[in-house]
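Below is one structure; the comments refer to it alone.
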Amino acid sequence: MKGLILKKNADKFTVEIDKKPIIMSARNLKKDGIFVGDKVECENGVIEKVLERKNLLIRPPLANVDTMIIVIACLPKPDFLLVDKLLVFCVVKGIKPVLCINKSDLSESFVSDVKKIYSGVVEIVSVSTLDESVMKLKKYIKGITALAGQSAVGKSSIINALLKKEVTQIGDFSKKVMRGKQTTRLVELYDLGKNNHLADTAGFSKLSEELLDVDEKELKSYYPDFVKYAHECKYKSCEHITSADCGIIKRVKEGKINKTRYENYKILRENIKNLKKF
Ligand SMILES: Nc1nc2c(ncn2[C@@H]2O[C@H](COP(=O)(O)OP(=O)(O)OP(=O)(O)O)[C@@H](O)[C@H]2O)c(=O)[nH]1
Ligand SMILES: [Mg+2]
Ligand SMILES: [Zn+2]
């Protein structure tokens, strides 16, 4: 029988079989080689085999991710470099990204600011977990979908709102910001019907450049908004750093490419370069 790992707890696994969760063991396999999101073969209540994976994320540990909903909000202060890193990460791992602006009840101007940076780069949906607008997210949840983003942007709140019950713990914003504590720790898949599952994750709040596994010379090819104008650079190898004959820098000056995106590209490129020094 085929199943899907929904949850891992010590040496027990919750496996979804025929839409029902069943607790199983894996006595013939290495437990640390089985991840939430893994598709498995089971017999008599025992996991016997892990099927080939599409991808595997290490931090948070999650397998076979199809979609990533990157959540940002006006509060806590958004980290656009993290958003850009996650967008690169999605291309590397073969994941479809969606940018979700949460807490739209707090600021309308923030929504339009974010659209200025990311329209044409990634699909954008703005929601609030305080009203029905959160349901707009349903159509983006395809296959195994991970919610990613800084702590306290409202990832767990989104899951609870979509499932209309308290399945995962929501943090107290002020306490969290003061202590810098994350509320969600374990990875778990929640059933959203039609073979779609949603995972609440914490580990993405920081994504180290190492996990991107991208060479600094290749980084530019992960920016669709740059690729569009790359033919305007004099040299094919142009990394868009020195302005002589660079079409990208020209477009940034004209406002056709967003300045924040470009400045963060330079920072990320430097960070990746610096990895090699150690
Ligand atoms: N105003 C407003 N507040 C929200 C909204 N969604 C969530 N919050 C609040 O934001 C705070 C953090 O929410 P969580 O859902 O715990 O955030 P999280 O992203 O899961 O945080 P971690 O688990 O630490 O990664 C809580 O105080 C929520 O009540 C929203 O749409 N509008
Ligand atoms: Mg959470
Ligand atoms: Zn260039």
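By convention here, the chains of the structure tokens are called A, B, ... in the order presented, each chain's residues are numbered starting at 1, and ligands are numbered starting at 1 in the order presented.
Among the residues of range 84-154 of chain A, backbone DSSP assigns alpha helix (DSSP H) to Asp84, Lys85, Leu86, Leu87, Val88, Phe89, Cys90, Val91, Val92, Lys93, Glu108, Ser109, Phe110, Val111, Ser112, Asp113, Val114, Lys115, Lys116, Ile117 and Tyr118 of chain A.
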Please save N, CA and C atoms of the selected residues as a CSV table (one decimal), in the first residue's frame.
```
chain,number,residue,atom,x,y,z
A,84,ASP,N,13.9,37.1,-1.8
A,84,ASP,CA,14.7,36.9,-3.0
A,84,ASP,C,15.4,35.5,-2.9
A,85,LYS,N,16.0,35.3,-1.7
A,85,LYS,CA,16.7,34.0,-1.5
A,85,LYS,C,15.7,32.8,-1.7
A,86,LEU,N,14.6,33.0,-1.1
A,86,LEU,CA,13.6,31.9,-1.2
A,86,LEU,C,13.1,31.7,-2.7
A,87,LEU,N,13.0,32.8,-3.4
A,87,LEU,CA,12.7,32.7,-4.8
A,87,LEU,C,13.7,31.9,-5.6
A,88,VAL,N,15.0,32.2,-5.4
A,88,VAL,CA,16.1,31.5,-6.0
A,88,VAL,C,16.0,30.0,-5.6
A,89,PHE,N,15.9,29.8,-4.3
A,89,PHE,CA,15.8,28.4,-3.8
A,89,PHE,C,14.7,27.6,-4.5
A,90,CYS,N,13.6,28.2,-4.7
A,90,CYS,CA,12.4,27.5,-5.4
A,90,CYS,C,12.8,27.1,-6.8
A,91,VAL,N,13.5,28.0,-7.5
A,91,VAL,CA,14.0,27.6,-8.9
A,91,VAL,C,14.9,26.4,-8.8
A,92,VAL,N,15.9,26.5,-7.9
A,92,VAL,CA,16.9,25.4,-7.7
A,92,VAL,C,16.2,24.1,-7.4
A,93,LYS,N,15.2,24.1,-6.6
A,93,LYS,CA,14.6,22.9,-6.1
A,93,LYS,C,13.4,22.4,-7.0
A,108,GLU,N,-2.7,49.2,3.6
A,108,GLU,CA,-2.9,49.1,2.1
A,108,GLU,C,-1.7,49.5,1.3
A,109,SER,N,-1.0,50.5,1.9
A,109,SER,CA,0.2,51.0,1.1
A,109,SER,C,1.3,49.9,1.0
A,110,PHE,N,1.4,49.1,2.1
A,110,PHE,CA,2.4,48.0,2.0
A,110,PHE,C,2.1,47.1,0.9
A,111,VAL,N,0.8,46.8,0.6
A,111,VAL,CA,0.5,45.9,-0.5
A,111,VAL,C,1.0,46.4,-1.8
A,112,SER,N,0.7,47.7,-2.0
A,112,SER,CA,1.1,48.3,-3.3
A,112,SER,C,2.7,48.4,-3.4
A,113,ASP,N,3.3,48.7,-2.2
A,113,ASP,CA,4.8,48.7,-2.2
A,113,ASP,C,5.4,47.4,-2.7
A,114,VAL,N,4.8,46.3,-2.1
A,114,VAL,CA,5.3,45.0,-2.5
A,114,VAL,C,5.1,44.7,-3.9
A,115,LYS,N,3.9,45.1,-4.4
A,115,LYS,CA,3.6,44.8,-5.8
A,115,LYS,C,4.6,45.5,-6.7
A,116,LYS,N,5.0,46.7,-6.3
A,116,LYS,CA,6.0,47.4,-7.1
A,116,LYS,C,7.3,46.6,-7.3
A,117,ILE,N,7.7,45.9,-6.2
A,117,ILE,CA,8.9,45.2,-6.3
A,117,ILE,C,8.8,43.8,-7.0
A,118,TYR,N,7.6,43.2,-6.8
A,118,TYR,CA,7.6,41.8,-7.3
A,118,TYR,C,6.6,41.5,-8.4
```
message = I'd like the contact shell of range 243-255 of chain A - 9 Å cut-off, only C-alpha atoms, skipping same-chain residues fewer than 3 positions apart - returned as a VMD selection string.
response = chain A and resid 226 to 227 229 to 235 238 to 240 258 to 259 262
Can you write out the residues you just picked, keeping C-alpha atoms, as an mmCIF file, in the first residue's frame?
```cif
data_model
loop_
_atom_site.group_PDB
_atom_site.id
_atom_site.type_symbol
_atom_site.label_atom_id
_atom_site.label_comp_id
_atom_site.auth_asym_id
_atom_site.auth_seq_id
_atom_site.Cartn_x
_atom_site.Cartn_y
_atom_site.Cartn_z
ATOM 1 C CA PHE A 226 16.885 40.568 -15.151
ATOM 2 C CA VAL A 227 16.856 37.760 -17.709
ATOM 3 C CA TYR A 229 16.823 42.458 -20.423
ATOM 4 C CA ALA A 230 20.050 40.435 -20.372
ATOM 5 C CA HIS A 231 20.391 40.610 -24.162
ATOM 6 C CA GLU A 232 21.010 44.346 -23.743
ATOM 7 C CA CYS A 233 24.304 43.727 -21.910
ATOM 8 C CA LYS A 234 27.315 43.940 -24.207
ATOM 9 C CA TYR A 235 28.882 40.784 -22.823
ATOM 10 C CA CYS A 238 28.014 40.287 -17.671
ATOM 11 C CA GLU A 239 27.183 39.917 -13.981
ATOM 12 C CA HIS A 240 25.484 43.336 -13.909
ATOM 13 C CA ASN A 258 13.204 47.457 -9.218
ATOM 14 C CA LYS A 259 16.086 49.001 -7.275
ATOM 15 C CA TYR A 262 18.881 44.887 -7.762
#
```
task = Pick out the closest residue to Phe80 in chain A from this set: A:Asn271, A:Asn64, A:Gln150, A:Gln169. Count only C-alpha atoms.
result =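 Comparing A:Asn271, A:Asn64, A:Gln150, A:Gln169 against Phe80 in chain A, the winner is A:Gln150.
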message = Within 10 Å of ligand 2 (counting only C-alpha atoms and all ligand atoms), which residues show up? I'd like them as a PyMOL selection string.
response = chain A and resi 147-159+168-171+182-186+200-202
ask   = What is the CA of Lys31 in chain A-CA of Ala10 in chain A distance in Å, reported with one decimal?
value =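 About the pair CA of Lys31 in chain A and CA of Ala10 in chain A: they are 8.8 Å apart.
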Find the residues near Lys12 in chain A: any atom within 9 Å, counting only C-alpha atoms, skip ones fewer than 3 places away on the same chain, and give them as a PDB file with N, CA and C atoms, in the first residue's frame.
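Below is the file that was written, out_3.pdb:
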```pdb
ATOM      1  N   LYS A   7       3.637  13.209   9.458  1.00  0.00           N
ATOM      2  CA  LYS A   7       4.206  13.686  10.716  1.00  0.00           C
ATOM      3  C   LYS A   7       5.198  12.647  11.241  1.00  0.00           C
ATOM      4  N   LYS A   8       6.207  13.145  11.949  1.00  0.00           N
ATOM      5  CA  LYS A   8       7.217  12.260  12.490  1.00  0.00           C
ATOM      6  C   LYS A   8       7.335  12.589  13.966  1.00  0.00           C
ATOM      7  N   ASN A   9       7.247  11.583  14.821  1.00  0.00           N
ATOM      8  CA  ASN A   9       7.310  11.833  16.252  1.00  0.00           C
ATOM      9  C   ASN A   9       8.142  10.734  16.894  1.00  0.00           C
ATOM     10  N   ILE A  23      -0.924   5.573  12.421  1.00  0.00           N
ATOM     11  CA  ILE A  23       0.404   5.600  13.061  1.00  0.00           C
ATOM     12  C   ILE A  23       1.157   4.318  12.688  1.00  0.00           C
ATOM     13  N   MET A  24       2.378   4.489  12.255  1.00  0.00           N
ATOM     14  CA  MET A  24       3.174   3.324  11.826  1.00  0.00           C
ATOM     15  C   MET A  24       4.600   3.409  12.338  1.00  0.00           C
ATOM     16  N   SER A  25       5.270   2.268  12.308  1.00  0.00           N
ATOM     17  CA  SER A  25       6.696   2.249  12.623  1.00  0.00           C
ATOM     18  C   SER A  25       7.459   1.932  11.342  1.00  0.00           C
ATOM     19  N   ALA A  26       8.778   1.967  11.445  1.00  0.00           N
ATOM     20  CA  ALA A  26       9.606   1.687  10.258  1.00  0.00           C
ATOM     21  C   ALA A  26      10.761   0.811  10.690  1.00  0.00           C
ATOM     22  N   LYS A  31      15.383   5.464  10.534  1.00  0.00           N
ATOM     23  CA  LYS A  31      14.317   6.454  10.795  1.00  0.00           C
ATOM     24  C   LYS A  31      14.727   7.846  10.322  1.00  0.00           C
TER      25      LYS A  31
END
```
request  = Would you mind writing down, as an MDAnalysis selection string, each residue of range 38-215 of chain A that DSSP on the backbone assigns to strand (DSSP E)?
outcome  = chainID A and resid 39:43 46:50 56:57 62:63 67:72 96:101 123:126 144:148 188:191 197:200
ask   = When distances are computed from only C-alpha atoms and all ligand atoms, which of A:Lys164, A:Lys220, A:Arg261, A:Arg59 shows the smallest separation from ligand 3?
value = A:Lys220
ask   = Just how far from CA of Val36 in chain A is CA of Leu56 in chain A, in Å to one decimal?
value = 9.8 Å
ask   = Neighbours of range 119-130 of chain A within 8 Å (only C-alpha atoms; same-chain residues fewer than 3 positions away dropped), as an MDAnalysis selection string?
value = chainID A and resid 97:105 111 115:116 133:134 136:137 154 157:158 161 223:225
